[in-house]
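Step one of this worksheet: look at the structure below.
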Amino acid sequence: MIDWGPLILTFKLALCVTAILLVIGIPLGYWLAFSQRRIKPVIEALVSMPLVLPPTVIGFYLLVAFSPSNAFGHWMRESLGLQLIFSFEGLVFASVLYSLPFMVHPVQSGFAHLPSSLRESAYVLGKTRWTTLLRVLLPNIKPALLTGAVLSFAHTIGEFGVVLMIGGNIPGETRVASIAIYDEVEALNYGIANAYSLILFALTFLILLTVYLVNGGYVKRMWR
Amino acid sequence: MIVIQLSKQLWGAGGPMQLELDLSLTTGQIVAVYGKSGVGKTSLLRMIAGLMQPDRGRIAVNDEVWFDDAQDINLKPQQRQAGFLFQDYALFPHMTVEQNLMFALKRKQDAGIVADLIALTELEELRHRKPATLSGGQQQRVALARALVQQPRLLLLDEPMSALDHAMRRRLQDYLLLMHRRYQPTIVLVTHDLPEILRLADRMLIMDEGRIAGDGTPQEVLTSTGGIGKFQFSGEVVSITREDVVCIVAVLIGKDLVRVVADPAEIIELSPGDRVLVSSKAFNPVITKLNDFRDA
């Protein structure tokens with residue numbers, strides 16, 4: 001019988017990360033789409049780094065930074081009561097960084113592809129930037145928001161290196177499905193590894209299929 | 001009175017261009033701005049609306065200063081109370097016709113105006129439709145109605161009719177005149193349609209290379225250019241046919257095909273597709289008493 005713990009933990013992690021990324025990704029994507037500051041390329045490069053860096057690099061630096069034997073990690077533990085290595089909170093933090101481009105890129109390009117006259121006409125009508133964002137821009141980039149949310153979710157399910165580096169393999173705390181699979185294979189429990197793998201395979205396929213169905217307008221057409 | 005003094009470096013198709021304007025507009029008038037593409041017409045509207053910042057200058061609407069670089073005043077578009085009709089209409093795709101108009105309401109403004117405008121532009125049947133399901137002319141009416149919801153004192157129209165066919169244009173011009181009579185805004189209308197100017201405008205400005213090249217009533221401006229007492233039209237040669245001793249040249253002038261008799265010697269250099277000037281010298285001179293002519 002397989003242990004459902006790692007799977008549940010995986011989805012809990014993915015949900016937390018996606019929720020946090022929605023909150024961070026919308027303002028960041030907005031800023032990247034419309035700002036003309038000179039520092040923008042630097043921020044853009046930083047946001048995209050997780051796409052090309054080996055996850056172990058990110059994991060390694062986070063491990064070093066958050067280690068309680070370092071000043072920063074020590075301060076985090078003493079004053080905020082947060083321990084970010086070998087803990088669920090740490091996994092969430094690392095995964096948010098690691099999946100950041102998967103949320104920010106769709107949102108940014110969604111904003112950038114809206115005709116600028118939409119924003120300008122709301123401004124001329126006396127609407128503040130905030131009202132314009134909430135009532136004009138966001139409703140018109142729903143597909144981008146959905147894409148960003150789902151890609152972040154799916155990408156968090158699929159991560160391995162970062163989790164292994166700073167989370168380790170603590171059951172119920174940091175032992176997510178991808179780690180569990182690796183573990184079972186090492187212990188030669190191919191049957192259990194296969195069960196986990198198959199579930200992840202099927203679920204991620206279904207999630208991505210849903211996005212393409214919704215964004216391609218297939219679902220809307222079926223309702224008519 | 002609306003005072004507009006603007007100076008701005010623009011980058012047009014042919015390199016940098018300096019826009020220098022000094023205008024004063026009479027409140028309540030319809031002013032048409034005419035000119036080729038890329039001479040700064042849209043930029044003028046955008047600077048008045050606050051969507052583009054001039055390098056130097058001053059914009060004052062009825063003694064309220066909207067922009068003045070000397071005093072460091074630059075009101076945001078939100079504070080300027082101007083209506084703007086964009087060339088692409090800029091309707092909000094996720095809202096119905098009625099929601100588009102409701103969204104335009106000011107805080108605490110009476111929503112009754114929305115119903116008035118919907119009735120005035122005959123949009124009752126379409127009020128629950130989304131913009132994507134409307135024709136160009138219908139979208140244009142919605143956009144015009146939306147620009148009027150706040151009853152702006154100044155309405156800026158950027159080639160509002162350019163995408164519409166002839167009959168639709170006439171109808172929309174009627175709507176625009178109706179609205180103008182009702183709410184009396186000052187209107188600045190960018191267009192390159194001369195009949196539209198003659199129908200709508202009290203005043204006409206010709207812009208060229210960022211400057212005003214002509215200013216006056218449409219009749220004055222249009223007759224002062226080429227008003228040399230002969231008919232002349234420019235058109236495009238469609239075909240040339242030889243018949244006995246003469247040739248018939250078919251020329252497309254505006255939307256009309258005109259056949260012109262020509263001497264074979266005249267057509268040597270002509271071929272279909274050429275731009276030509278068709279003119280007729282006055283065979284019947286007309287004598288008119290001079291004091292009836294003010295600006296002859």
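A note on labels: chains of the structure tokens are A, B, ... as shown, every chain counts residues from 1, and ligands are counted from 1 in their shown order.
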
- Message: Give me the residues near segment 21-32 of chain B as number ranges by chain, where near means some atom within 8 Å (using only C-alpha atoms) and where sequence neighbours in that chain fewer than 4 positions away do not count.
- Response: B: 1-7, 184-191, 197, 200-205, 210-212

For the selection just defined, write its residues with C-alpha atoms to a file, as a PDB file, in the first residue's frame.
ATOM      1  CA  MET B   1     -11.359  79.880 -24.427  1.00  0.00           C
ATOM      2  CA  ILE B   2      -8.807  77.095 -24.734  1.00  0.00           C
ATOM      3  CA  VAL B   3      -5.168  78.056 -25.083  1.00  0.00           C
ATOM      4  CA  ILE B   4      -2.747  75.524 -26.497  1.00  0.00           C
ATOM      5  CA  GLN B   5       0.943  76.331 -26.845  1.00  0.00           C
ATOM      6  CA  LEU B   6       3.045  73.281 -27.428  1.00  0.00           C
ATOM      7  CA  SER B   7       6.555  72.410 -28.357  1.00  0.00           C
ATOM      8  CA  GLN B 184     -22.124  71.958 -26.442  1.00  0.00           C
ATOM      9  CA  PRO B 185     -18.593  70.618 -25.862  1.00  0.00           C
ATOM     10  CA  THR B 186     -15.611  72.069 -27.665  1.00  0.00           C
ATOM     11  CA  ILE B 187     -14.579  69.410 -30.141  1.00  0.00           C
ATOM     12  CA  VAL B 188     -11.167  68.884 -31.702  1.00  0.00           C
ATOM     13  CA  LEU B 189     -11.566  66.453 -34.572  1.00  0.00           C
ATOM     14  CA  VAL B 190      -8.618  64.913 -36.393  1.00  0.00           C
ATOM     15  CA  THR B 191      -9.599  63.755 -39.838  1.00  0.00           C
ATOM     16  CA  ILE B 197     -14.849  68.873 -42.308  1.00  0.00           C
ATOM     17  CA  LEU B 200     -19.077  69.454 -39.171  1.00  0.00           C
ATOM     18  CA  ALA B 201     -16.404  72.001 -38.514  1.00  0.00           C
ATOM     19  CA  ASP B 202     -16.667  75.657 -37.561  1.00  0.00           C
ATOM     20  CA  ARG B 203     -12.963  76.034 -37.979  1.00  0.00           C
ATOM     21  CA  MET B 204     -10.293  74.150 -39.846  1.00  0.00           C
ATOM     22  CA  LEU B 205      -6.596  73.842 -39.132  1.00  0.00           C
ATOM     23  CA  GLY B 210       4.316  69.927 -36.844  1.00  0.00           C
ATOM     24  CA  ARG B 211       3.094  73.411 -37.661  1.00  0.00           C
ATOM     25  CA  ILE B 212      -0.182  75.092 -38.578  1.00  0.00           C
TER      26      ILE B 212
END

- Message: With only C-alpha atoms considered, list every residue of chain B at most 8 Å from chain A, as an MDAnalysis selection string.
- Response: chainID B and resid 49 51 77:84 86 88 90:94 104 106 147 150

- Message: Show me, as a PyMOL selection string, the residues that have an atom within 12 Å of Pro54 of chain A when counting only C-alpha atoms, minus same-chain residues fewer than 2 positions from it.
- Response: chain A and resi 49-52+56-61+98+159-162+165

Can I get the selected residues back with C-alpha atoms, as a PDB file, in the first residue's frame?
ATOM      1  CA  MET A  49      17.274  33.004 -13.952  1.00  0.00           C
ATOM      2  CA  PRO A  50      15.444  29.955 -12.532  1.00  0.00           C
ATOM      3  CA  LEU A  51      14.666  28.906 -16.115  1.00  0.00           C
ATOM      4  CA  VAL A  52      18.320  28.282 -16.899  1.00  0.00           C
ATOM      5  CA  THR A  56      20.716  22.712  -7.276  1.00  0.00           C
ATOM      6  CA  VAL A  57      22.438  26.084  -7.602  1.00  0.00           C
ATOM      7  CA  ILE A  58      19.381  27.908  -6.252  1.00  0.00           C
ATOM      8  CA  GLY A  59      18.990  25.271  -3.568  1.00  0.00           C
ATOM      9  CA  PHE A  60      22.635  25.507  -2.605  1.00  0.00           C
ATOM     10  CA  TYR A  61      22.620  29.289  -2.173  1.00  0.00           C
ATOM     11  CA  TYR A  98      12.023  28.704  -8.536  1.00  0.00           C
ATOM     12  CA  GLU A 159      10.614  20.197  -8.886  1.00  0.00           C
ATOM     13  CA  PHE A 160      13.245  18.008  -7.342  1.00  0.00           C
ATOM     14  CA  GLY A 161      16.655  19.599  -7.038  1.00  0.00           C
ATOM     15  CA  VAL A 162      15.700  22.638  -4.986  1.00  0.00           C
ATOM     16  CA  MET A 165      18.913  20.707  -1.395  1.00  0.00           C
TER      17      MET A 165
END

Which polymer residues have any atom within 10 Å of an atom of Arg170 of chain B, counting only C-alpha atoms, with same-chain residues fewer than 6 positions away left out, as a compact mmCIF listing (two decimals) with N, CA and C atoms, in the first residue's frame?
# COMPACT_ATOMS: atom_id res chain seq x y z
N MET B 161 -14.00 58.35 -37.80
CA MET B 161 -14.83 57.72 -38.85
C MET B 161 -13.98 57.02 -39.90
N LEU B 164 -14.97 53.62 -41.43
CA LEU B 164 -16.37 53.38 -41.77
C LEU B 164 -16.66 53.71 -43.22
N LEU B 176 -23.04 62.99 -34.15
CA LEU B 176 -22.07 63.90 -33.53
C LEU B 176 -22.66 65.31 -33.45
N PRO B 195 -15.09 66.20 -46.95
CA PRO B 195 -16.53 66.40 -46.79
C PRO B 195 -16.95 66.44 -45.32
N GLU B 196 -16.27 65.62 -44.50
CA GLU B 196 -16.59 65.60 -43.07
C GLU B 196 -16.32 66.97 -42.46
N ARG B 199 -18.95 69.46 -43.44
CA ARG B 199 -20.24 69.24 -42.77
C ARG B 199 -20.20 69.64 -41.30

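Interatomic distance, atom CA of Val114 of chain B against atom CA of Glu159 of chain B: 23.9 Å.
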